[in-house]
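S.K.: Let me give you the structure first, and then I'll get to my questions.
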Amino acid sequence: MFIETRVENIGDTVARSTVPRGALYRYVEGNGYEYVSFGNFNNQYYIGGKMHNARPNGLVLTITPDNSPTVRRDCEILGLFRFVITLDDTPEIRALDAPVDEHTFGTVISIPRDVNDDEQSHLYVMMGNSPNTEIPHHLLLRVTKPSSVLSYGGYTFKTVPQSAIVGIRGKAQVTLERGGGHA
Amino acid sequence: MPRANFANVGATLAEVNASIANFAQMHNIPPEHFQVIPTQVHPVAKSAVRKLLILSTQTVEFLDDIRQVMNTHNAPDGIRMYGSSSRLQLKYPVIWNADKTGCIAFPNITLNSFGMGTSARTIHSENPWYPKYTQDLIQRIMSDLEDDKRRNAWTPTYRGIKRLNERQEMSVSRVLARAVVFRGEPIKDAQYIDNTAQHLIELHKPSTFTFADTVDEIREMYTRKSSETPSSCMDTRHSFYLDGDVRPVDFYGHCPNTRGAYISRGGTILARTICWLDTASGGWYHTRIYSSRNANNTELKKFLKDAGVKDGERGIDSHCQFTMPMARSSGNDACPMPYFDLKPFNWLGVKKSDDDTHLVVKLAGRKENTDGWQMPSLTSTNGSHVLSMFDDCAQCGCSINRDHDQYSYVSGDIYCSDACAIEQDCVMYVMSNDSEMRRDTEVPDDALYAWSDHVLFSNRHAGLSRGARYHPVPWAATEGDLFVYHFDGNSSENEGDRLWSQEMEVGPNHFMPQTMWIQSNSTPIRSNANWSLSPDHAFRFLTMPVNLAVKKLPASLTTVTRPFAEVVGKQDFSDAMFDEHLGGILNSPAPLDDHAYYSNSSL
């Protein structure tokens with residue numbers, strides 16, 4: 001059902017630009033924060049999360065231009081992460097901009113007529129607004145396989161208008177797995 | 001060297017003769033209409049060619065040495081050596097003797113067209129049937145063999161071969177007078193022959209290492225008489241608007257913190273450099289070494305090392321103040337000013353002495369006061385700085401009045417604006433309590449690049465305390481710091497929008513006031529369904545929960561493939577529920593009742 005991620009070189013040091021989606025890592029000679037990689041959006045931005053124990057929710061969204069000096073720095077791959085999606089008992093279908101609550105980072109949704117070849121809805125984790133559109137769009141990260149036979153591939157990021165009709169399916173949480181060599 | 005075997009040539013020529021005979025017979029052409037190529041040549045002729053092949057490599061080397069000396073010290077006609085092989089030729093093979101103080105000549109192996117540019121490879125194709133370099137010799141041998149009296153010179157064969165073997169020990173002068181032909185004529189100028197012979201012998205002598213401390217010695221170091229001498233925009237082949245015999249490089253002779261160092265051979269400078277005194281350590285450091293050959297560069301480097309002079313391309317400071325004679329440029333008071341490869345000082349100032357008779361020059365550090373000093377361009381090739389109340393921008397050349405205009409100094413060069421300095425590879429180097437324009441080559445390796453163009457911070461603390469932060473969007477953090485620093489040299493319409501400042505955690509339990517900038521065309525910076533400004537304008541980044549119970553992978557796993565997500569709980573949902581749930585609420589409307597109507601009739 002879900003797209004597969006392959007995290008290589010756990011325990012090794014690689015350039016940030018080659019850290020794969022799904023990895024848990026930290027910068028060599030950084031200030032100790034750990035990050036998770038959600039992938040690259042439009043070859044313009046690295047989308048990720050910063051582990052921040054001082055924050056109530058723990059994972060802070062990061063958006064970093066791919067031409068910043070940061071992406072040339074070395075990172076140590078510590079392990080991997082995955083989303084744990086808790087589905088709501090009752091899904092809700094409504095417009096995203098309804099003033100009910102904030103559907104921001106971590107809300108899981110599906111979109112009408114966005115299905116795989118078995119007519120199953122794709123699931124998306126909301127990533128806030130898209131960083132490069134002047135008209136506000138939501139940035140979504142697809143977590144389901146592109147088709148019933150493909151485990152990888154397809155554009156994982158997608159944008160939808162601010163007032164799109166969607167199915168509110170649940171909430172995502174991040175869970176971590178560290179390499180054996182790390183505390 | 002393996003003995004040349006001409007047997008294949010004879011066999012090939014026999015095939016050619018047979019082929020021509022067949023052709024004549026087939027076409028009923030009398031065979032006497034064709035010339036039969038002799039398949040045999042006399043052994044003495046073969047021997048002559050073999051001897052040339054044996055001597056070819058060393059003869060070419062000797063001729064190349066003559067060419068090099070003539071190229072360096074002018075040809076017999078007083079013009080620089082260039083042109084075709086016909087200019088310089090040998091009449092017969094000549095090679096150096098063992099210690100290269102004299103020559104060995106083979107006068108009976110006379111040569112044709114053996115000149116400048118002839119290589120051992122081209123000689124290798126020489127053969128006695130179709131001779132090129134031994135054409136006259138072989139023709140003479142064949143002609144003599146047909147003459148009853150002259151035949152004795154070459155027969156029996158051993159006598160002919162012995163005759164070819166004749167070798168003469170000759171001085172280099174004698175070779176130049178007898179064996180060398182220039183423009184088809186022997187060289188007759190005895191003085192030229194003596195000088196050239198001396199240069200030829202010196203060519204193989206070891207080079208001499210010299211320090212140049214005085215003005216005369218520095219001038220000697222920059223004297224270029226030969227193509228072997230590395231060129232410089234300050235050498236004697238360039239002229240400057242300096243009156244008298246004053247040269248720009250005189251500066252080095254007057255400055256107590258500089259000295260020249262070079263190697264030479266026979267009066268020809270082969271490699272040179274300028275050495276600087278590091279005033280802190282008292283040691284001498286050399287700058288870039290100029291040479292026309294790598295071997296000379298390496299040799300000078302070794303001499304410098306033996307003399308205790310270290311490589312000082314970076315990291316030295318040389319400060320001093322000295323006087324030098326006033327020079328004149330087109331009638332104006334001027335200071336000779338070379339092109340500086342290395343500037344181990346923050347600024348170089350020039351002014352007149354109190355009695356206006358001398359120049360006072362100062363090489364100073366960053367914090368020393370520049371008042372009263374004029375700043376010459378140190379990368380100009382004009383050769384002098386004319387003293388006036390104005391300075392010229394080193395980039396655009398515009399006039400700068402130091403009393404009224406704003407300007408920047410960078411390693412001794414003055415610029416009318418930061419933009420001009422950036423055009424010449426300068427950057428803004430920002431420290432925790434200061435900032436300055438620097439050459440990009442003079443920025444420490446561990447400096448941090450800013451997000452802004454042409455800016456580097458000395459360290460992260462400088463970025464945190466002097467810079468702002470760039471965020472593509474205000475609702476997300478960035479990986480690492482993208483520091484922004486605006487100054488005249490990088491301000492543009494696309495610099496972004498400044499948001500607000502607040503205390504921010506910039507490291508674990510480390511808070512500092514930070515100002516956020518975002519890109520001008522980014523998604524809305526005002527509150528929206530996804531994100532809202534905090535009432536107190538604090539930075540507010542989107543967050544989501546993390547399960548703090550971390551699993552641990554087996555230590556042996558370095559590559560893991562896993563589903564990107566997993567589901568907790570069950571949910572009954574299908575895509576058809578979208579239509580089902582909405583129940584066609586946006587279908588086309590049914591026809592209106594009679595008492596209702598649309599204000600827009602197009603519906």
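Numbering starts fresh at 1 for the residues of each chain in the structure tokens, the chains themselves are lettered A, B, ... in the order given, and ligands are numbered from 1 as they appear.
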Excluding Glu217 (chain B) and any residue of its chain fewer than 4 positions from it, enumerate the residues within 12 Å of it, using only C-alpha atoms, and give them as a PyMOL selection string.
M.R.: chain B and resi 210-213+221-223+249-254+259-262+269
S.K.: For the residues in the current selection, export N, CA and C atoms as an mmCIF file, in the first residue's frame.
M.R.:
data_model
loop_
_atom_site.group_PDB
_atom_site.id
_atom_site.type_symbol
_atom_site.label_atom_id
_atom_site.label_comp_id
_atom_site.auth_asym_id
_atom_site.auth_seq_id
_atom_site.Cartn_x
_atom_site.Cartn_y
_atom_site.Cartn_z
ATOM 1 N N THR B 210 71.030 34.166 -6.787
ATOM 2 C CA THR B 210 71.409 35.510 -6.344
ATOM 3 C C THR B 210 70.234 36.177 -5.633
ATOM 4 N N PHE B 211 70.531 36.900 -4.549
ATOM 5 C CA PHE B 211 69.550 37.798 -3.947
ATOM 6 C C PHE B 211 69.755 39.186 -4.541
ATOM 7 N N ALA B 212 68.666 39.874 -4.812
ATOM 8 C CA ALA B 212 68.742 41.239 -5.334
ATOM 9 C C ALA B 212 68.200 42.180 -4.263
ATOM 10 N N ASP B 213 69.091 43.022 -3.718
ATOM 11 C CA ASP B 213 68.693 43.914 -2.629
ATOM 12 C C ASP B 213 68.695 45.381 -3.030
ATOM 13 N N MET B 221 67.464 41.992 -12.167
ATOM 14 C CA MET B 221 66.585 40.823 -12.083
ATOM 15 C C MET B 221 65.427 40.935 -13.080
ATOM 16 N N TYR B 222 65.003 42.144 -13.352
ATOM 17 C CA TYR B 222 63.885 42.339 -14.282
ATOM 18 C C TYR B 222 64.361 42.674 -15.691
ATOM 19 N N THR B 223 65.675 42.463 -15.965
ATOM 20 C CA THR B 223 66.186 42.696 -17.315
ATOM 21 C C THR B 223 65.907 41.474 -18.169
ATOM 22 N N VAL B 249 60.028 48.753 -10.675
ATOM 23 C CA VAL B 249 60.544 47.772 -9.707
ATOM 24 C C VAL B 249 61.571 48.365 -8.758
ATOM 25 N N ASP B 250 61.966 49.631 -8.979
ATOM 26 C CA ASP B 250 62.878 50.280 -8.027
ATOM 27 C C ASP B 250 62.291 50.254 -6.616
ATOM 28 N N PHE B 251 60.956 50.238 -6.575
ATOM 29 C CA PHE B 251 60.269 50.199 -5.271
ATOM 30 C C PHE B 251 60.838 49.092 -4.388
ATOM 31 N N TYR B 252 61.012 47.904 -4.991
ATOM 32 C CA TYR B 252 61.495 46.756 -4.210
ATOM 33 C C TYR B 252 62.906 46.990 -3.682
ATOM 34 N N GLY B 253 63.695 47.732 -4.430
ATOM 35 C CA GLY B 253 65.058 48.011 -3.986
ATOM 36 C C GLY B 253 65.090 48.982 -2.819
ATOM 37 N N HIS B 254 64.122 49.883 -2.758
ATOM 38 C CA HIS B 254 64.085 50.864 -1.663
ATOM 39 C C HIS B 254 63.387 50.302 -0.422
ATOM 40 N N ARG B 259 63.003 41.913 -1.111
ATOM 41 C CA ARG B 259 64.240 41.634 -1.830
ATOM 42 C C ARG B 259 63.907 40.666 -2.963
ATOM 43 N N GLY B 260 64.688 40.752 -4.009
ATOM 44 C CA GLY B 260 64.487 39.836 -5.118
ATOM 45 C C GLY B 260 65.330 38.590 -4.917
ATOM 46 N N ALA B 261 64.970 37.529 -5.604
ATOM 47 C CA ALA B 261 65.781 36.309 -5.598
ATOM 48 C C ALA B 261 65.635 35.671 -6.964
ATOM 49 N N TYR B 262 66.755 35.288 -7.553
ATOM 50 C CA TYR B 262 66.664 34.708 -8.889
ATOM 51 C C TYR B 262 67.792 33.736 -9.152
ATOM 52 N N ILE B 269 68.531 35.647 -16.831
ATOM 53 C CA ILE B 269 67.684 35.346 -15.670
ATOM 54 C C ILE B 269 66.738 34.215 -16.062
#
S.K.: How close does each residue of chain B get to chain A, giving the shortest atom pair and distance in Å to one decimal for every residue with an atom at most 8 Å away, counting only C-alpha atoms, sorted by chain and residue number, as a tab-separated table?
M.R.:
residue	atom	partner	partner_atom	distance
B:Tyr449	CA	A:Pro69	CA	6.7
B:Ala450	CA	A:Pro69	CA	7.8
B:Trp451	CA	A:Ser68	CA	6.6
B:His471	CA	A:Thr64	CA	7.7
B:Pro472	CA	A:Pro131	CA	6.8
B:Val473	CA	A:Pro131	CA	6.2
B:Trp475	CA	A:Leu61	CA	7.9
B:Ala476	CA	A:Thr62	CA	4.9
B:Ala477	CA	A:Thr62	CA	4.5
B:Thr478	CA	A:Thr62	CA	4.9
B:Glu479	CA	A:Thr64	CA	6.0
B:Gly480	CA	A:Thr70	CA	5.9
B:Asp481	CA	A:Thr70	CA	7.6
B:Leu482	CA	A:Ser68	CA	7.3
B:Gly507	CA	A:Asn31	CA	6.2
B:Pro508	CA	A:Asn31	CA	7.6
B:Asn521	CA	A:Glu134	CA	6.3
B:Ser522	CA	A:Asn132	CA	5.7
B:Thr523	CA	A:Glu134	CA	4.6
B:Pro524	CA	A:Pro136	CA	6.4
B:Ala529	CA	A:Asp97	CA	5.9
B:Asn530	CA	A:Thr104	CA	4.9
B:Trp531	CA	A:Thr104	CA	7.2
B:Phe541	CA	A:Val60	CA	6.4
B:Leu542	CA	A:Leu61	CA	5.5
B:Thr543	CA	A:Val60	CA	4.4
B:Met544	CA	A:Asn57	CA	5.1
B:Pro545	CA	A:Asn57	CA	4.2
B:Val546	CA	A:Val174	CA	4.7
B:Asn547	CA	A:Thr175	CA	5.0
B:Leu548	CA	A:Thr175	CA	7.3
B:Ala549	CA	A:Thr175	CA	7.6
B:Val550	CA	A:Leu176	CA	5.2
B:Lys551	CA	A:Glu177	CA	4.5
B:Lys552	CA	A:Arg178	CA	4.8
B:Leu553	CA	A:Gly179	CA	4.9
B:Pro554	CA	A:Gly180	CA	5.0
B:Ala555	CA	A:Gly180	CA	3.6
B:Ser556	CA	A:Gly180	CA	7.1
B:Leu557	CA	A:Gly179	CA	7.2
B:Thr558	CA	A:Ile10	CA	4.5
B:Thr559	CA	A:Glu8	CA	4.2
B:Val560	CA	A:Val7	CA	5.3
B:Thr561	CA	A:Arg6	CA	4.2
B:Arg562	CA	A:Glu4	CA	5.4
B:Pro563	CA	A:Glu4	CA	4.1
B:Phe564	CA	A:Arg82	CA	5.1
B:Ala565	CA	A:Phe83	CA	4.3
B:Glu566	CA	A:Val84	CA	5.0
B:Val567	CA	A:Ile85	CA	4.7
B:Val568	CA	A:Thr86	CA	4.7
B:Gly569	CA	A:Leu87	CA	5.7
B:Lys570	CA	A:Leu87	CA	6.6
B:Gln571	CA	A:Asp89	CA	6.3
B:Asp572	CA	A:Thr90	CA	8.0
B:Phe573	CA	A:Pro91	CA	7.3
B:Ser574	CA	A:Gln120	CA	6.7
B:Asp575	CA	A:Ser121	CA	5.9
B:Phe578	CA	A:Pro112	CA	6.2
B:His581	CA	A:Ile93	CA	7.2
S.K.: Report, in Å with one decimal, the straight-line distance from CA of Ser119 (chain B) to CA of Phe106 (chain B).
M.R.: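 Going from CA of Ser119 (chain B) over to CA of Phe106 (chain B) covers 18.5 Å.
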S.K.: DSSP on the backbone: what in region 70-319 of chain B comes out alpha helix (DSSP H), as a ChimeraX atom specification?
M.R.: /B:70-73,120-123,135-146,157-164,172-178,190-202,215-221,250-254,294-306
S.K.: Among region 62-110 of chain A, which residues carry a DSSP assignment of strand (DSSP E), reported as a PyMOL selection string?
M.R.: chain A and resi 62-65+74-95+105-110
S.K.: Report the distance between CA of Asp147 (chain B) and CA of Arg50 (chain B) in Å, rounded to one decimal place.
M.R.: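 Computed distance, CA of Asp147 (chain B) to CA of Arg50 (chain B), equals 24.2 Å.
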S.K.: As an exercise, work out the distance from CA of Tyr92 (chain B) to CA of Ala177 (chain B) in Å and give it to one decimal place.
M.R.: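 According to the coordinates, CA of Tyr92 (chain B) and CA of Ala177 (chain B) are separated by 12.6 Å.
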S.K.: Closest to Gly117 (chain B) among B:Gln502, B:Thr268, B:Gln139, B:Thr59, using only C-alpha atoms?
M.R.: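 Selected residue with least distance to Gly117 (chain B): B:Thr59.
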